[in-house]
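Structure record follows, encoded as structure tokens.
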Amino acid sequence: MDIFENVDILLVEDNASDAELAMRALRKGKLANSITWVKDGAQALEFVFRTGAYAGRPEQHPRLILLDLKLPKVDGLEVLKRIKEDERTRVIPVVMVTSSAEGRDIAESYKLGVNSYVVKPVEFEQFSETVAKAGFYWMLVNRTP
Amino acid sequence: MSIRARLLLLILFATLIPALVGGMQFLERRDAEIAAARHDLAVAARQVAQDLTDTVRATAQLHYGLSRARDLDTQDRAACSAFLADVLKEHPQYTGILTIKPDGELFCDSLRTGRKLNLTDRRYFQDALNSTTPLAVEPVFGRLTGIAVLQVAYAARRDTGEPKFVLLASLNLEKYMQLRAMSLPRKTAAIALVDGKGTVLTWHPGGEKLRGTSIADSPLFHFARERRGEELREDIEAGGVSRIWAVSALPEFPEAELRVLVGVSRNELLAAANRNLRQALSILAVVSLLALGGAWALVELGIRRQAARVIAAVARFSGGDFGARIGKPYPRGEIGNLMAALDHAFELMQAQRDVIQRLNADLERRVAERTAQIETSAKELEDFTYTVSHDLRTPLRAIDGFSRILEEDYGGKLDDEARRLIGVVRENARKMGQLIDDLLTFSRLGRNPIAAAGIDMEALAHSALAGIGAPAAAGRARIEIHPLPEAWGDPAAIKQVWINLLSNAVKFSGKREQPAIEVSGHESGAQSVYCVKDNGAGFDMRYYDKLFGVFQRLHGDDEFPGTGVGLAIVRRIVSRHGGRVWAEGKVCEGAAFYFSLPRGKQHGHI
């Protein structure tokens with residue numbers, strides 16, 4: 001499974017359209033060599049902690065996680081909490097990319113230690129720009145030495 | 001003043017009047033008793049005088065008998081003296097009996113001393129011999145004994161009228177009066193005999209020192225001399241004791257000038273009457289006290305304690321003890337009826353209170369239920385808006401995004417019509433996004449708390465006007481903001497009101513050649529009223545109902561774009577502040593929107 005060896009960005013998004021749009025925006029901005037897309041919170045956790053289907057993945061953290069808030073099985077806030085609770089994974093930048101502009105979601109996310117919170121705009125241009133900017137900034141900050 | 005005090009006072013007065021009447025009667029009785037005692041005193045004096053008179057008469061009879069005795073009509077002095085001595089033995093009340101010859105020589109003598117004595121100068125001798133009556137009486141003191149005697153002389157005459165001799169018997173006054181004194185009823189009584197010169201002949205009891213002394217200058221003697229009848233005189237001091245005196249003369253023997261005096265100590269005379277009075281008054285006092293005590297007990301048990309029971313029950317009831325009752329009505333009558341009525345009232349009040357409590361509990365339960373329902377609804381609404389914000393936007397984003405990708409990646413293969421159609425798709429997706437955003441804003445209004453403060457409305461209106469951006473028509477539009485009164489509310493929310501109303505005014509007057517917008521305000525009671533007036537498209541008052549409804553529009557979107565949420569937001573914000581929104585309009589002539597806000601701090605939640 002060579003695809004995992006080079007994980008730059010982990011995209012957690014249950015909506016295939018949003019996932020495709022996000023990946024297009026990231027690729028267009030030439031931000032990532034490799035993007036792994038998982039569809040729910042459980043898969044995301046398995047990937048990050050190398051369990052279940054991802055048990056054999058080499059020990060390499062993604063440089064950025066783009067996390068949707070509303071996810072099947074395990075929701076985004078729970079995923080965020082687990083990643084930020086764990087010593088090993090705490091350093092991974094997590095950016096919430098979500099449709100929800102609800103104050104309580106934003107507040108809860110920051111409380112749990114999210115690095116950025118981005119509201120998805122409806123318009124494609126704005127969406128692309130937002131995702132690309134957030135990705136660029138955090139990839140830059142979290143550059144592997 | 002308490003009922004008890006009033007009743008006791010009443011009873012006190014009620015017993016006082018009989019007590020006074022009774023007391024006066026007792027006083028009268030005392031006076032009567034005193035009068036009776038005085039009368040008794042006078043009777044006693046008269047009786048003694050009468051007795052003495054009778055004794056003198058008896059002596060006269062004795063003399064009459066002796067004058068005819070042959071034993072005395074003799075020259076044998078010894079024999080007749082022996083005879084008289086025998087007579088004297090029979091009559092011990094006399095100290096001596098003797099005969100005196102007409103020449104005054106003592107002849108027969110019961111004492112048989114054989115003494116020679118001429119008694120010519122004795123008044124009783126002269127009187128007996130020379131007056132019309134043969135009897136003469138004179139009180140004297142015995143020369144030997146020193147005690148008072150009453151000389152009763154009788155002239156015995158022969159048939160020719162020639163005097164034979166004068167018989168003399170000396171009545172022992174001292175002894176006579178002593179016996180009388182012993183029969184006097186009272187302890188302090190005194191009995192005295194005085195002669196016409198004021199010499200005390202006898203004084204009993206204990207009058208040895210007074211005997212023979214003169215009281216001629218004393219008030220007692222004046223009284224005795226002046227009053228010849230049964231007279232009384234009070235408070236005459238004689239012998240060291242103040243007494244009430246009665247006097248009686250011996251009218252049959254005026255020449256003797258004897259006065260019998262009987263006196264009783266005033267205190268003793270009054271004592272009995274006073275004792276009776278005291279006794280009667282004591283009984284009266286005891287009866288009055290018993291009456292008072294009885295009345296007090298009656299008032300205490302029947303009124304005061306019962307009133308205390310009523311007061312205590314009422315106090316307990318007022319204090320929140322709704323089970324408090326007076327209890328068994330006592331005593332029967334008004335107070336008992338009052339108790340029963342009060343207890344009945346308590347019963348009713350408790351029952352009513354129970355009903356109210358039940359209703360309250362029911363109400364509270366229903367309020368709690370309703371609140372829970374409302375909270376559930378609010379939660380559901382929140383979930384709904386959350387869903388809307390997240391889920392409804394996702395497909396829109398896909399529509400817009402993939403239309404854009406289609407345009408970008410296949411633009412070259414599409415003709416103009418296809419590109420226009422893609423544009424329509426994207427425009428509608430954008431509009432849908434706007435609708436969702438407005439709907440979210442509107443639903444958040446109901447949930448966010450209001451941070452109220454005093455607001456400078458004029459400044460806020462200017463700031464809102466600047467915030468909506470200079471509209472294309474602003475250059476030719478005339479926008480006038482008059483001085484506005486202050487208001488109390490959440491500045492951010494109220495600014496939204498200004499933004500919505502001003503942008504509406506700008507939008508609907510935009511097609512005028514000379515758009516005119518006027519903002520004004522005035523104070524009305526505790527509220528401030530504001531008005532935004534324009535000369536734009538206006539509206540038909542027939543559709544006024546739809547004006548402030550969510551997603552309700554009176555104009556087509558192509559004519560005046562909009563989502564139909566702005567005025568609904570305005571109404572919601574203003575009503576949450578305790579204010580009111582209303583409008584006036586006329587098609588093609590413009591519209592005026594009014595809203596009111598409280599000017600001062602509101603009590604309670606807004």
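Within each chain, counting starts at residue 1; across the structure tokens, chains are named A, B, ... in the order shown, with ligands numbered 1 upward in that order.
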Output as a CSV table (one decimal) with C-alpha atoms, in the first residue's frame all residues of chain A that backbone DSSP marks as strand (DSSP E).
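Everything below was put into out28.csv:
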```csv
chain,number,residue,atom,x,y,z
A,9,ILE,CA,-2.9,15.5,4.0
A,10,LEU,CA,-5.7,13.5,5.5
A,11,LEU,CA,-9.1,14.6,4.3
A,12,VAL,CA,-12.0,13.4,6.4
A,35,ILE,CA,-4.1,13.3,-0.2
A,36,THR,CA,-5.8,10.5,1.7
A,37,TRP,CA,-9.6,10.7,1.8
A,38,VAL,CA,-11.6,8.8,4.5
A,64,LEU,CA,-2.4,18.2,8.0
A,65,ILE,CA,-5.8,16.9,8.8
A,66,LEU,CA,-8.9,18.6,7.1
A,67,LEU,CA,-11.8,17.4,9.3
A,94,VAL,CA,-6.2,19.9,12.4
A,95,VAL,CA,-8.3,22.3,10.4
A,96,MET,CA,-12.1,22.1,10.8
A,97,VAL,CA,-13.7,22.5,7.4
A,98,THR,CA,-17.4,22.5,7.8
A,116,SER,CA,-8.1,26.4,12.5
A,117,TYR,CA,-11.8,26.5,11.8
A,118,VAL,CA,-13.0,27.2,8.3
A,119,VAL,CA,-16.7,27.6,7.2
```
Could you pull the residues within 10 Å of Val287 of chain B, counting only C-alpha atoms, minus those fewer than 6 positions along the same chain, as an MDAnalysis selection string?
chainID B and resid 15 19 281 293
Of the residues B:Ala461, B:Ser520, B:Arg404, B:His555, which is the one nearest to chain A, using only C-alpha atoms?
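Checking each candidate against chain A, we get B:Arg404 as the closest.
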Return as a ChimeraX atom specification the full set of residues in chain A whose backbone-based DSSP assignment is helix (DSSP H, G or I).
/A:2-4,16-28,41-49,52-54,76-85,103-112,124-141
Selection export as a CSV table (one decimal), in the first residue's frame, atoms kept: C-alpha atoms:
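Produced file out_25.csv, reproduced below:
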```csv
chain,number,residue,atom,x,y,z
A,2,ASP,CA,2.4,2.6,-1.2
A,3,ILE,CA,-0.2,5.2,-1.2
A,4,PHE,CA,0.0,5.6,2.6
A,16,ALA,CA,-18.2,12.8,-2.0
A,17,SER,CA,-18.9,16.1,-3.8
A,18,ASP,CA,-17.3,18.2,-1.1
A,19,ALA,CA,-14.4,15.8,-1.0
A,20,GLU,CA,-13.8,16.0,-4.7
A,21,LEU,CA,-14.1,19.8,-4.7
A,22,ALA,CA,-11.7,20.1,-1.8
A,23,MET,CA,-9.2,17.7,-3.4
A,24,ARG,CA,-9.4,19.6,-6.7
A,25,ALA,CA,-8.7,22.9,-4.8
A,26,LEU,CA,-5.7,21.4,-3.0
A,27,ARG,CA,-4.2,19.9,-6.1
A,28,LYS,CA,-4.8,23.0,-8.1
A,41,GLY,CA,-14.7,9.4,11.8
A,42,ALA,CA,-14.0,5.8,12.6
A,43,GLN,CA,-11.9,5.4,9.5
A,44,ALA,CA,-10.1,8.6,10.3
A,45,LEU,CA,-9.2,7.4,13.8
A,46,GLU,CA,-8.1,4.0,12.4
A,47,PHE,CA,-5.9,5.8,10.0
A,48,VAL,CA,-4.3,8.1,12.5
A,49,PHE,CA,-3.8,5.5,15.2
A,52,GLY,CA,-8.2,-1.8,11.9
A,53,ALA,CA,-8.0,-1.5,8.1
A,54,TYR,CA,-4.9,0.7,8.5
A,76,GLY,CA,-15.7,15.4,13.9
A,77,LEU,CA,-15.5,16.8,17.4
A,78,GLU,CA,-14.9,13.3,18.8
A,79,VAL,CA,-12.2,12.7,16.2
A,80,LEU,CA,-10.6,16.0,17.1
A,81,LYS,CA,-10.8,15.2,20.8
A,82,ARG,CA,-9.1,11.8,20.4
A,83,ILE,CA,-6.3,13.2,18.2
A,84,LYS,CA,-5.6,16.1,20.6
A,85,GLU,CA,-5.7,13.9,23.7
A,103,GLY,CA,-21.0,29.4,17.5
A,104,ARG,CA,-21.2,26.4,19.8
A,105,ASP,CA,-19.4,24.2,17.2
A,106,ILE,CA,-16.6,26.8,16.8
A,107,ALA,CA,-16.2,27.3,20.5
A,108,GLU,CA,-16.2,23.5,21.2
A,109,SER,CA,-13.6,22.9,18.5
A,110,TYR,CA,-11.2,25.5,19.8
A,111,LYS,CA,-11.7,24.2,23.3
A,112,LEU,CA,-10.6,20.8,22.1
A,124,PHE,CA,-17.0,27.3,-5.5
A,125,GLU,CA,-14.4,30.0,-5.9
A,126,GLN,CA,-14.6,31.0,-2.3
A,127,PHE,CA,-14.6,27.4,-1.2
A,128,SER,CA,-11.5,26.6,-3.3
A,129,GLU,CA,-9.7,29.7,-2.0
A,130,THR,CA,-10.6,29.0,1.6
A,131,VAL,CA,-9.5,25.4,1.5
A,132,ALA,CA,-6.3,26.2,-0.4
A,133,LYS,CA,-5.4,29.0,2.0
A,134,ALA,CA,-5.9,26.9,5.1
A,135,GLY,CA,-4.0,24.0,3.6
A,136,PHE,CA,-1.1,26.3,2.5
A,137,TYR,CA,-0.7,27.9,5.8
A,138,TRP,CA,-0.6,24.7,7.8
A,139,MET,CA,1.5,22.8,5.4
A,140,LEU,CA,4.0,25.6,5.6
A,141,VAL,CA,4.0,25.7,9.4
```
Give as a tab-separated table (two decimals) with N, CA and C atoms, in the first residue's frame every residue of chain B that touches chain A within 9 Å, counting only C-alpha atoms.
```tsv
chain	number	residue	atom	x	y	z
B	386	TYR	N	-29.53	23.70	12.63
B	386	TYR	CA	-28.20	23.11	12.50
B	386	TYR	C	-28.12	22.27	11.23
B	387	THR	N	-29.18	21.49	11.07
B	387	THR	CA	-29.26	20.66	9.87
B	387	THR	C	-29.27	21.53	8.63
B	389	SER	N	-28.16	24.54	8.27
B	389	SER	CA	-26.90	25.22	8.02
B	389	SER	C	-25.85	24.27	7.45
B	390	HIS	N	-25.94	23.02	7.85
B	390	HIS	CA	-24.91	22.07	7.41
B	390	HIS	C	-25.31	21.31	6.16
B	391	ASP	N	-26.50	20.75	6.22
B	391	ASP	CA	-26.86	19.81	5.17
B	391	ASP	C	-27.42	20.46	3.91
B	393	ARG	N	-26.65	23.29	2.71
B	393	ARG	CA	-25.65	24.05	1.97
B	393	ARG	C	-24.72	23.13	1.17
B	394	THR	N	-24.57	21.92	1.67
B	394	THR	CA	-23.64	21.00	1.00
B	394	THR	C	-24.02	20.72	-0.45
B	395	PRO	N	-25.32	20.34	-0.70
B	395	PRO	CA	-25.66	20.12	-2.12
B	395	PRO	C	-25.53	21.39	-2.95
B	396	LEU	N	-25.81	22.56	-2.33
B	396	LEU	CA	-25.70	23.81	-3.08
B	396	LEU	C	-24.25	24.03	-3.53
B	397	ARG	N	-23.38	23.71	-2.55
B	397	ARG	CA	-21.97	23.88	-2.85
B	397	ARG	C	-21.57	22.95	-4.04
B	398	ALA	N	-22.11	21.74	-4.04
B	398	ALA	CA	-21.82	20.79	-5.12
B	398	ALA	C	-22.35	21.31	-6.45
B	399	ILE	N	-23.61	21.85	-6.40
B	399	ILE	CA	-24.21	22.38	-7.64
B	399	ILE	C	-23.31	23.48	-8.20
B	400	ASP	N	-22.97	24.43	-7.31
B	400	ASP	CA	-22.18	25.57	-7.74
B	400	ASP	C	-20.78	25.10	-8.20
B	401	GLY	N	-20.19	24.22	-7.34
B	401	GLY	CA	-18.82	23.78	-7.61
B	401	GLY	C	-18.71	23.02	-8.93
B	402	PHE	N	-19.63	22.08	-9.11
B	402	PHE	CA	-19.50	21.27	-10.32
B	402	PHE	C	-19.92	22.05	-11.57
B	403	SER	N	-20.85	23.01	-11.43
B	403	SER	CA	-21.17	23.88	-12.57
B	403	SER	C	-19.91	24.65	-12.97
B	404	ARG	N	-19.20	25.10	-11.95
B	404	ARG	CA	-17.98	25.87	-12.19
B	404	ARG	C	-16.90	25.01	-12.87
B	405	ILE	N	-16.80	23.75	-12.34
B	405	ILE	CA	-15.82	22.84	-12.94
B	405	ILE	C	-16.19	22.56	-14.40
B	426	ARG	N	-25.99	28.48	-11.41
B	426	ARG	CA	-25.14	29.01	-10.34
B	426	ARG	C	-25.82	30.17	-9.58
B	429	ALA	N	-28.30	28.78	-7.23
B	429	ALA	CA	-27.63	28.16	-6.08
B	429	ALA	C	-27.21	29.25	-5.09
B	430	ARG	N	-26.70	30.37	-5.62
B	430	ARG	CA	-26.27	31.47	-4.75
B	430	ARG	C	-27.46	32.04	-3.96
B	433	GLY	N	-28.48	29.85	-1.23
B	433	GLY	CA	-27.55	30.03	-0.10
B	433	GLY	C	-27.91	31.25	0.73
```
d(atom CA of Ala148 of chain B, atom CA of Gly212 of chain B) in Å:
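Pair atom CA of Ala148 of chain B / atom CA of Gly212 of chain B returns 8.1 Å.
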In Å, rounded to a single decimal, give me how far atom CA of Leu179 of chain B is from atom CA of Phe223 of chain B.
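So the two atoms, atom CA of Phe223 of chain B and atom CA of Leu179 of chain B, lie 24.8 Å apart.
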Distance query segment 154-171 of chain B at most 8 Å, only C-alpha atoms, self and fewer than 3 positions along chain excluded, as a list in words:
Thr59, Ala60, His63, Tyr64, Ser67, Gln93, Tyr94, Thr95, Gly96, Ile97, Leu98, Thr99, Ile100, Lys101, Pro102, Phe125, Ala128, Leu129, Pro134, Leu135, Ala136, Val149, Leu150, Gln151 and Tyr176 of chain B
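Excluding Gly196 of chain B itself and same-chain residues fewer than 3 positions from it, the residues having an atom within 10 Å of it are Pro139, Thr199, Val200, Ala216, Phe221, Ala224, Arg225, Pro254, Glu255, Ala256, Glu257, Leu258 and Arg259 of chain B, counting only C-alpha atoms.
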Those same residues, written as a PDB file, in the first residue's frame with C-alpha atoms?
```pdb
ATOM      1  CA  PRO B 139     -80.214  67.638 151.541  1.00  0.00           C
ATOM      2  CA  THR B 199     -72.607  70.988 145.635  1.00  0.00           C
ATOM      3  CA  VAL B 200     -72.142  67.437 144.645  1.00  0.00           C
ATOM      4  CA  ALA B 216     -71.298  75.608 140.653  1.00  0.00           C
ATOM      5  CA  PHE B 221     -74.153  72.517 136.833  1.00  0.00           C
ATOM      6  CA  ALA B 224     -78.450  70.914 135.442  1.00  0.00           C
ATOM      7  CA  ARG B 225     -79.812  74.126 136.866  1.00  0.00           C
ATOM      8  CA  PRO B 254     -88.762  72.115 144.491  1.00  0.00           C
ATOM      9  CA  GLU B 255     -87.479  73.577 147.744  1.00  0.00           C
ATOM     10  CA  ALA B 256     -84.889  70.799 147.928  1.00  0.00           C
ATOM     11  CA  GLU B 257     -83.524  71.932 144.550  1.00  0.00           C
ATOM     12  CA  LEU B 258     -82.251  68.455 143.853  1.00  0.00           C
ATOM     13  CA  ARG B 259     -81.046  67.436 140.432  1.00  0.00           C
TER      14      ARG B 259
END
```
As a PyMOL selection string, please: the residues near Phe26 of chain B (cut-off 7 Å, only C-alpha atoms, same-chain neighbours under 3 positions excluded).
chain B and resi 22-23+29-30+277+280
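In this structure, atom CA of Pro561 of chain B sits 16.8 Å away from atom CA of Lys546 of chain B.
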